[in-house]
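File shown: protein.txt. Contents: compact mmCIF, C-alpha atoms.
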# COMPACT_ATOMS: atom_id res chain seq x y z
CA MET A 1 23.87 17.81 15.72
CA HIS A 2 25.15 17.29 12.19
CA PRO A 3 28.70 16.26 13.25
CA ASP A 4 27.08 13.52 15.34
CA ARG A 5 25.16 12.37 12.27
CA LEU A 6 28.40 12.21 10.32
CA GLN A 7 30.01 10.03 12.99
CA ARG A 8 27.01 7.69 13.03
CA LEU A 9 27.26 7.42 9.25
CA ARG A 10 30.95 6.53 9.52
CA THR A 11 30.19 3.82 12.07
CA ALA A 12 27.54 2.37 9.76
CA MET A 13 29.91 2.50 6.76
CA THR A 14 32.59 0.65 8.70
CA GLN A 15 30.09 -2.07 9.57
CA ALA A 16 29.01 -2.25 5.92
CA ARG A 17 32.66 -2.26 4.73
CA LEU A 18 32.15 0.83 2.58
CA ASP A 19 34.96 3.26 1.80
CA CYS A 20 32.59 6.13 1.13
CA ALA A 21 28.90 7.05 0.86
CA ALA A 22 27.58 9.39 -1.82
CA ALA A 23 24.42 11.50 -1.52
CA ILE A 24 23.00 13.69 -4.26
CA ALA A 25 20.90 16.85 -3.84
CA GLY A 26 18.00 15.85 -1.65
CA PRO A 27 17.04 14.66 1.83
CA ASN A 28 20.10 12.57 2.71
CA LEU A 29 22.51 15.35 1.78
CA PHE A 30 20.41 17.83 3.75
CA TYR A 31 20.29 15.48 6.74
CA LEU A 32 24.07 15.14 6.83
CA THR A 33 25.09 18.72 6.07
CA GLY A 34 22.13 21.00 6.75
CA LEU A 35 22.58 22.33 3.19
CA SER A 36 19.65 22.33 0.80
CA PHE A 37 20.20 21.88 -2.94
CA HIS A 38 17.69 21.48 -5.74
CA LEU A 39 17.99 18.53 -8.09
CA SER A 40 18.74 20.06 -11.48
CA GLU A 41 20.86 19.76 -14.62
CA ARG A 42 23.81 20.87 -12.46
CA PRO A 43 24.68 17.75 -10.43
CA THR A 44 25.53 18.09 -6.75
CA THR A 45 27.02 15.17 -4.82
CA GLY A 46 28.35 14.90 -1.29
CA PHE A 47 31.01 12.24 -0.63
CA PHE A 48 31.34 11.05 2.96
CA PRO A 49 34.41 8.84 3.49
CA ALA A 50 34.75 6.40 6.35
CA GLN A 51 37.91 8.32 7.25
CA GLY A 52 38.80 11.94 6.53
CA ASP A 53 36.78 15.06 5.74
CA PRO A 54 33.77 14.98 3.42
CA VAL A 55 33.90 16.50 -0.05
CA ILE A 56 31.09 18.07 -2.04
CA VAL A 57 30.91 18.59 -5.80
CA ALA A 58 28.65 21.43 -6.87
CA GLY A 59 28.22 24.19 -9.39
CA SER A 60 30.24 27.32 -8.70
CA LEU A 61 27.07 29.25 -7.78
CA GLU A 62 26.83 27.09 -4.64
CA GLU A 63 30.30 27.94 -3.30
CA SER A 64 29.15 30.62 -0.86
CA LYS A 65 26.40 28.38 0.47
CA VAL A 66 28.85 25.58 1.26
CA ALA A 67 31.40 27.96 2.79
CA SER A 68 28.88 29.59 5.11
CA GLY A 69 26.66 26.69 6.07
CA ALA A 70 28.64 23.49 6.59
CA PRO A 71 28.73 22.33 10.24
CA TYR A 72 32.15 20.64 9.86
CA PRO A 73 35.11 20.81 7.45
CA LEU A 74 33.68 20.23 3.97
CA ARG A 75 35.97 20.54 0.96
CA GLY A 76 34.27 21.91 -2.14
CA CYS A 77 35.07 20.95 -5.72
CA TYR A 78 33.27 23.40 -8.00
CA TYR A 79 32.62 23.68 -11.71
CA SER A 80 31.27 26.30 -14.07
CA ASP A 81 28.61 25.76 -16.70
CA ALA A 82 31.25 26.23 -19.37
CA ALA A 83 33.68 23.66 -17.96
CA GLY A 84 31.12 21.11 -16.84
CA PRO A 85 31.34 18.75 -13.84
CA VAL A 86 33.72 15.98 -15.08
CA LEU A 87 36.95 17.48 -13.75
CA ALA A 88 35.31 18.49 -10.46
CA TYR A 89 34.25 14.88 -9.81
CA ARG A 90 37.78 13.70 -10.65
CA GLU A 91 39.16 16.30 -8.24
CA ALA A 92 36.89 14.92 -5.53
CA ALA A 93 38.16 11.38 -6.09
CA GLN A 94 41.76 12.60 -5.87
CA THR A 95 41.04 14.61 -2.73
CA LEU A 96 39.45 11.58 -1.07
CA ARG A 97 42.29 9.36 -2.27
CA LEU A 98 39.74 6.70 -3.19
CA GLY A 99 39.77 5.07 -6.59
CA GLY A 100 41.29 7.99 -8.44
CA ARG A 101 44.14 7.82 -10.95
CA GLY A 102 46.86 5.61 -9.48
CA GLN A 103 44.71 4.37 -6.58
CA GLY A 104 42.88 1.12 -5.89
CA MET A 105 39.20 0.37 -6.53
CA ALA A 106 36.84 2.15 -4.14
CA ARG A 107 33.69 0.68 -2.64
CA LEU A 108 30.94 3.33 -2.68
CA GLY A 109 27.46 3.28 -1.22
CA VAL A 110 24.95 5.26 -3.30
CA GLU A 111 21.26 6.17 -3.21
CA THR A 112 19.96 3.77 -5.84
CA ARG A 113 16.38 5.06 -5.44
CA ARG A 114 17.37 8.66 -6.13
CA MET A 115 20.67 8.79 -7.99
CA ARG A 116 20.38 9.52 -11.69
CA VAL A 117 22.43 7.96 -14.45
CA MET A 118 24.15 11.34 -14.83
CA GLU A 119 25.68 11.27 -11.33
CA LEU A 120 26.47 7.56 -11.59
CA ARG A 121 28.42 8.02 -14.84
CA LEU A 122 30.40 10.93 -13.36
CA ILE A 123 31.26 8.83 -10.30
CA GLU A 124 32.25 5.83 -12.41
CA ASP A 125 34.59 8.04 -14.44
CA ALA A 126 36.12 9.80 -11.43
CA PHE A 127 36.61 6.72 -9.26
CA LEU A 128 37.59 4.45 -12.17
CA ASN A 129 34.58 2.10 -12.10
CA PRO A 130 34.25 1.64 -8.34
CA ARG A 131 32.28 -1.13 -6.72
CA VAL A 132 28.87 0.50 -6.23
CA ASP A 133 26.53 -0.80 -3.52
CA ALA A 134 23.02 0.27 -2.53
CA ALA A 135 23.09 2.42 0.60
CA GLU A 136 19.33 2.77 1.21
CA GLU A 137 19.38 0.72 4.41
CA LEU A 138 22.40 2.63 5.66
CA PHE A 139 20.75 6.04 5.23
CA ALA A 140 17.39 4.76 6.49
CA GLY A 141 19.05 3.45 9.64
CA LEU A 142 20.29 6.96 10.38
CA ARG A 143 17.05 8.78 9.61
CA MET A 144 14.34 6.48 11.01
CA ILE A 145 14.91 7.60 14.61
CA LYS A 146 14.03 11.29 14.87
CA ASP A 147 15.75 13.52 17.42
CA ALA A 148 14.07 16.31 19.40
CA SER A 149 14.76 19.00 16.80
CA GLU A 150 13.32 16.86 14.01
CA LEU A 151 10.20 16.08 16.03
CA ALA A 152 9.74 19.78 16.75
CA HIS A 153 9.68 20.48 13.00
CA MET A 154 7.24 17.63 12.42
CA ARG A 155 4.91 18.86 15.16
CA ARG A 156 5.02 22.31 13.59
CA ALA A 157 4.25 20.87 10.13
CA VAL A 158 1.23 19.00 11.51
CA GLU A 159 0.03 22.12 13.31
CA ILE A 160 0.27 24.09 10.05
CA ALA A 161 -1.59 21.42 8.08
CA GLU A 162 -4.38 21.20 10.63
CA ARG A 163 -4.79 24.98 10.79
CA ALA A 164 -4.97 25.08 6.99
CA LEU A 165 -7.76 22.52 6.84
CA LEU A 166 -9.83 24.31 9.47
CA ALA A 167 -9.45 27.54 7.50
CA ALA A 168 -10.46 25.83 4.24
CA LEU A 169 -13.52 23.94 5.52
CA PRO A 170 -15.97 26.90 5.38
CA ALA A 171 -15.37 27.18 1.62
CA ILE A 172 -16.46 23.58 1.02
CA GLN A 173 -20.07 23.60 -0.15
CA VAL A 174 -22.31 21.66 -2.53
CA GLY A 175 -21.43 22.80 -6.04
CA GLN A 176 -17.77 23.52 -5.21
CA THR A 177 -15.36 21.60 -7.46
CA GLU A 178 -12.53 19.34 -6.37
CA ARG A 179 -10.11 21.65 -8.16
CA GLY A 180 -11.42 24.69 -6.30
CA ILE A 181 -11.15 22.93 -2.95
CA ALA A 182 -7.57 21.87 -3.73
CA ALA A 183 -6.63 25.44 -4.61
CA GLU A 184 -8.16 26.76 -1.40
CA LEU A 185 -6.33 24.13 0.64
CA VAL A 186 -2.98 25.03 -0.95
CA VAL A 187 -3.52 28.75 -0.30
CA GLN A 188 -4.49 28.16 3.32
CA THR A 189 -1.51 25.83 3.87
CA LEU A 190 0.92 28.49 2.69
CA ARG A 191 -0.86 31.18 4.71
CA ALA A 192 -0.60 28.98 7.80
CA GLY A 193 3.18 29.02 7.49
CA SER A 194 4.22 25.97 5.47
CA ASP A 195 7.49 25.86 3.58
CA ALA A 196 6.86 26.85 -0.04
CA ASP A 197 7.75 23.34 -1.23
CA LEU A 198 4.63 21.40 -0.20
CA PRO A 199 5.11 17.65 0.34
CA PHE A 200 2.66 16.79 -2.46
CA THR A 201 -0.33 18.10 -4.38
CA PRO A 202 -3.47 17.65 -2.25
CA ILE A 203 -5.82 14.80 -3.08
CA VAL A 204 -9.43 15.99 -3.19
CA ALA A 205 -11.72 13.09 -4.07
CA SER A 206 -15.52 13.35 -3.96
CA GLY A 207 -18.35 10.88 -4.49
CA PRO A 208 -17.24 7.93 -6.63
CA ASN A 209 -13.78 9.46 -6.97
CA SER A 210 -13.21 8.86 -3.25
CA GLY A 211 -13.28 5.15 -4.11
CA LEU A 212 -9.85 5.63 -5.74
CA PRO A 213 -6.95 5.48 -3.22
CA HIS A 214 -4.77 7.77 -5.36
CA ALA A 215 -7.40 9.89 -7.02
CA THR A 216 -6.39 12.96 -9.00
CA VAL A 217 -8.17 16.28 -8.73
CA THR A 218 -10.98 16.81 -11.26
CA ASP A 219 -13.62 19.43 -12.03
CA ARG A 220 -16.36 17.29 -10.46
CA ALA A 221 -18.70 19.39 -8.28
CA LEU A 222 -19.73 18.24 -4.80
CA GLN A 223 -23.20 16.71 -4.52
CA PRO A 224 -25.37 15.91 -1.51
CA GLY A 225 -24.67 12.38 -0.25
CA ASP A 226 -21.01 12.40 -1.32
CA LEU A 227 -18.10 11.24 0.72
CA LEU A 228 -15.23 13.71 0.40
CA THR A 229 -11.65 12.61 1.08
CA LEU A 230 -8.99 15.27 1.63
CA ASP A 231 -5.34 14.13 1.73
CA TRP A 232 -2.96 17.06 2.20
CA GLY A 233 0.32 18.01 3.83
CA ALA A 234 2.59 20.80 5.01
CA SER A 235 6.29 21.24 5.61
CA SER A 236 8.38 22.96 8.30
CA GLY A 237 12.15 23.15 8.09
CA GLY A 238 12.04 20.45 5.43
CA TYR A 239 10.06 18.02 7.63
CA MET A 240 6.64 16.92 6.47
CA ALA A 241 3.11 16.30 7.64
CA ASP A 242 0.74 14.02 5.71
CA LEU A 243 -2.90 13.85 6.85
CA THR A 244 -6.21 12.56 5.53
CA ARG A 245 -9.78 13.12 6.69
CA THR A 246 -13.00 12.00 5.04
CA PHE A 247 -16.19 14.04 5.36
CA ALA A 248 -19.88 13.52 4.54
CA ILE A 249 -21.59 16.07 2.32
CA GLY A 250 -24.99 15.89 4.00
CA ALA A 251 -26.69 12.57 4.69
CA ILE A 252 -24.90 9.51 3.26
CA GLU A 253 -25.96 5.92 2.57
CA PRO A 254 -25.93 3.52 5.54
CA GLU A 255 -23.20 1.37 3.97
CA LEU A 256 -20.93 4.37 3.50
CA ARG A 257 -21.41 5.28 7.16
CA ALA A 258 -20.69 1.65 8.08
CA ILE A 259 -17.37 1.58 6.23
CA TYR A 260 -16.45 4.89 7.84
CA ASN A 261 -16.95 3.36 11.27
CA LEU A 262 -14.83 0.35 10.31
CA VAL A 263 -11.95 2.54 9.11
CA LEU A 264 -12.19 4.60 12.30
CA ALA A 265 -11.99 1.41 14.40
CA ALA A 266 -9.04 0.19 12.32
CA ASN A 267 -7.20 3.47 12.86
CA GLU A 268 -7.82 3.19 16.61
CA ALA A 269 -6.66 -0.45 16.66
CA ALA A 270 -3.41 0.38 14.87
CA ARG A 271 -2.62 3.25 17.22
CA ALA A 272 -3.38 1.08 20.24
CA ALA A 273 -1.07 -1.67 18.93
CA THR A 274 1.88 0.66 18.33
CA ARG A 275 4.67 0.41 20.90
CA PRO A 276 8.41 -0.35 20.97
CA GLY A 277 9.30 -3.90 20.03
CA ARG A 278 6.26 -4.53 17.86
CA SER A 279 6.93 -4.98 14.15
CA ALA A 280 5.58 -2.83 11.34
CA ALA A 281 3.74 -5.96 10.17
CA ASP A 282 2.02 -6.26 13.57
CA ILE A 283 0.57 -2.76 13.27
CA ASP A 284 -0.65 -3.37 9.73
CA ALA A 285 -2.26 -6.61 10.91
CA ALA A 286 -4.06 -4.89 13.80
CA ALA A 287 -5.85 -2.54 11.43
CA ARG A 288 -6.40 -5.10 8.70
CA ARG A 289 -8.00 -7.53 11.16
CA VAL A 290 -10.73 -5.01 12.00
CA ILE A 291 -11.60 -4.34 8.37
CA THR A 292 -11.44 -8.01 7.36
CA THR A 293 -13.66 -9.06 10.25
CA GLY A 294 -16.11 -6.38 9.19
CA GLY A 295 -16.36 -7.97 5.75
CA TYR A 296 -14.38 -5.42 3.71
CA GLY A 297 -10.88 -6.91 3.70
CA ASP A 298 -10.81 -7.04 -0.11
CA TYR A 299 -11.37 -3.28 -0.20
CA PHE A 300 -8.39 -2.34 1.99
CA VAL A 301 -5.98 -2.40 -0.93
CA HIS A 302 -2.82 -0.70 0.35
CA ARG A 303 -0.35 -0.89 3.24
CA LEU A 304 -1.30 0.67 6.55
CA GLY A 305 1.15 3.55 6.19
CA HIS A 306 4.67 4.76 5.53
CA GLY A 307 7.54 6.47 7.27
CA LEU A 308 7.52 10.24 7.34
CA GLY A 309 10.16 12.92 7.89
CA LEU A 310 12.34 14.70 5.33
CA GLU A 311 10.43 12.70 2.71
CA GLY A 312 6.72 12.12 2.40
CA HIS A 313 7.45 8.41 1.99
CA GLU A 314 10.45 6.94 3.79
CA ASP A 315 11.23 4.04 6.11
CA PRO A 316 9.70 2.25 7.90
CA SER A 317 7.14 0.97 5.42
CA MET A 318 4.11 -0.18 7.42
CA HIS A 319 3.12 -3.26 5.45
CA GLY A 320 2.32 -6.82 6.35
CA GLN A 321 5.71 -8.30 5.43
CA ASN A 322 7.93 -5.75 7.17
CA GLU A 323 9.40 -7.23 10.34
CA THR A 324 11.27 -4.03 11.27
CA SER A 325 11.02 -3.63 15.04
CA LEU A 326 9.59 -0.29 16.14
CA ALA A 327 11.70 1.92 18.40
CA PRO A 328 11.14 5.27 20.13
CA GLY A 329 11.57 8.16 17.71
CA MET A 330 10.23 6.36 14.64
CA THR A 331 7.60 8.41 12.81
CA PHE A 332 5.05 7.12 10.31
CA THR A 333 1.48 7.39 9.10
CA ILE A 334 -1.47 5.24 10.11
CA GLU A 335 -3.97 5.44 7.27
CA PRO A 336 -6.35 2.49 6.86
CA GLY A 337 -8.94 2.78 4.11
CA ILE A 338 -11.88 1.10 2.43
CA TYR A 339 -12.60 1.85 -1.24
CA LEU A 340 -15.82 0.81 -2.99
CA PRO A 341 -15.29 1.22 -6.75
CA GLY A 342 -17.78 3.59 -8.33
CA ARG A 343 -19.43 4.45 -5.02
CA GLY A 344 -17.01 6.02 -2.57
CA GLY A 345 -14.28 5.42 -0.08
CA VAL A 346 -12.92 6.36 3.32
CA ARG A 347 -9.39 6.98 4.60
CA ILE A 348 -8.40 8.36 8.01
CA GLU A 349 -4.70 9.21 8.27
CA ASP A 350 -2.70 10.32 11.29
CA ASP A 351 1.00 11.04 11.80
CA VAL A 352 2.45 9.29 14.86
CA VAL A 353 5.74 8.88 16.72
CA VAL A 354 6.70 5.83 18.74
CA THR A 355 7.44 6.70 22.37
CA ALA A 356 9.05 4.75 25.20
CA GLY A 357 5.59 3.93 26.52
CA GLY A 358 3.67 3.44 23.28
CA VAL A 359 2.69 6.02 20.69
CA GLU A 360 1.92 9.73 20.39
CA SER A 361 -0.35 11.02 17.66
CA LEU A 362 1.13 14.22 16.28
CA SER A 363 -2.21 14.96 14.61
CA THR A 364 -5.15 16.13 16.71
CA LEU A 365 -8.05 16.74 14.28
CA PRO A 366 -11.27 14.87 15.09
CA ARG A 367 -11.54 11.44 13.53
CA GLU A 368 -15.30 10.98 13.93
CA LEU A 369 -17.41 11.54 10.82
CA GLN A 370 -18.26 15.19 10.28
CA VAL A 371 -21.06 16.42 8.03
CA ILE A 372 -20.12 19.55 6.07
CA GLY A 373 -21.04 21.50 2.96
CA VAL A 374 -24.82 21.80 3.41
Let me see the structure of the file written as structure tokens.
Amino acid sequence: MHPDRLQRLRTAMTQARLDCAAAIAGPNLFYLTGLSFHLSERPTTGFFPAQGDPVIVAGSLEESKVASGAPYPLRGCYYSDAAGPVLAYREAAQTLRLGGRGQGMARLGVETRRMRVMELRLIEDAFLNPRVDAAEELFAGLRMIKDASELAHMRRAVEIAERALLAALPAIQVGQTERGIAAELVVQTLRAGSDADLPFTPIVASGPNSGLPHATVTDRALQPGDLLTLDWGASSGGYMADLTRTFAIGAIEPELRAIYNLVLAANEAARAATRPGRSAADIDAAARRVITTGGYGDYFVHRLGHGLGLEGHEDPSMHGQNETSLAPGMTFTIEPGIYLPGRGGVRIEDDVVVTAGGVESLSTLPRELQVIGV
């Protein structure tokens, strides 16, 4: 499937009038080549010209990986730690015949969200100060629609994440700390079969801490009457799951139960509204309308969700100003929330894929309020 991805990239570059697209170590390079590289002090950059074979610049330790794993002809330009990468990047420019010594200015699309100054300076030197354009929309256009193999990995990641939570729940009791719960959740996620590189550190937020959308783990111990929000993920083949469930630690205040029911209704409304042709803004509005009508609109302080795949956060962004039209194969989170400062909060997050007839929830855990820990 990777050669097909390369051809789709070339079509998009032609439409964008780009001579070449550059991707550094990370999800876009993996998507196009199937090769995984860590971002480090040794820069790695793949160059994908509109015409001709791609070229990759990498440290010499990566040579065997490139030779054995590339799905199409991929010329390697390698460097040692002693020599450094400058000449390897110049060799790549000469090989591509784009903007090198004695050639005209090249127009390159780069990952402006991810590329470091280090890679940019090496590219500017090698291609003699090319015209550099942002290529985020170009890469996003390729990756937003997931194929069957990608969806299989995402289903597997969700299955792993759900199994991990169910294994961790018996350990959650009054007196257990947020930090201890997070550790148990990480252990169970790895035992369930997740890739070693988890999508993110779990959020474990209890009592008043659950009123913080992006709470950090603390040593606070669970108390009766707390809300407990768990936001965790897993990874399979590089593809990610991102889920959230909120639990009650024993009996909770009536208002906390009321906001839980509102968030549950908002989650249901967003899933019901999701279908091809609707905009991301429409889905955000469907959830937000429920919470606003219930009197808590000021406490739903973030977008409805975000795209999901090789990155925990990718396109499409599910916010109220995004008019991107949904299409089958798009995957994203639906995660409405209400956060009462100093008291507690609720978030219910599912991973979904747009289908020809509407939407499929990849996540299957119960959404109704569950009482645990007592």
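Pairwise distance (atom CA of A:Asn28, atom CA of A:Ser68) equals 19.3 Å.
When only C-alpha atoms are used to measure the gap to A:Ser317, the shortest distance among A:Val301, A:Ile283, A:Ala148, A:Pro213 belongs to A:Ile283.
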Padding 4 Å on each side, edges along x, y and z: where is the centre of the box around the listed atoms of stretch 168-183 of chain A, and how long are its edges in Å to one decimal? Output it as AutoDock Vina command-line options.
--center_x -14.5 --center_y 23.3 --center_z -1.3 --size_x 23.7 --size_y 15.8 --size_z 21.7
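Taking only C-alpha atoms into account, A:Ala152 lies nearest to A:Leu362 out of the set A:Leu362, A:Ala285, A:Ala21, A:Leu98.
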field: For A:Arg220: contacts at 10 Å, all atoms listed in the file, fewer than 6 positions along chain excluded, given as a PyMOL selection string
entry: chain A and resi 175-180+205-207+209
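Closest approach to A:His2 from the set A:Tyr260, A:Phe37, A:Tyr89, A:Tyr72 is made by A:Tyr72, with distances taken over all atoms listed in the file.
Proximity to A:Val204 was assessed for A:Arg347, A:Ile338, A:Gly294, A:Glu119 counting only C-alpha atoms; the smallest distance is recorded for A:Arg347.
Atom pair atom CA of A:Pro27 / atom CA of A:Ala67: separated by 19.6 Å.
Counting all atoms listed in the file and comparing A:Leu35, A:Leu185, A:Leu122, A:Ala221, the residue that lies closest to A:Ser64 is A:Leu35.
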query: Excluding same-chain residues fewer than 4 positions from A:Asp351, what lies within 8 Å of it counting all atoms listed in the file, as a list in words?
result: Val158, Ala241, Asp242, Leu243, Leu308, Thr331, Phe332, Thr333, Ile334, Ser361, Leu362 and Ser363 of chain A
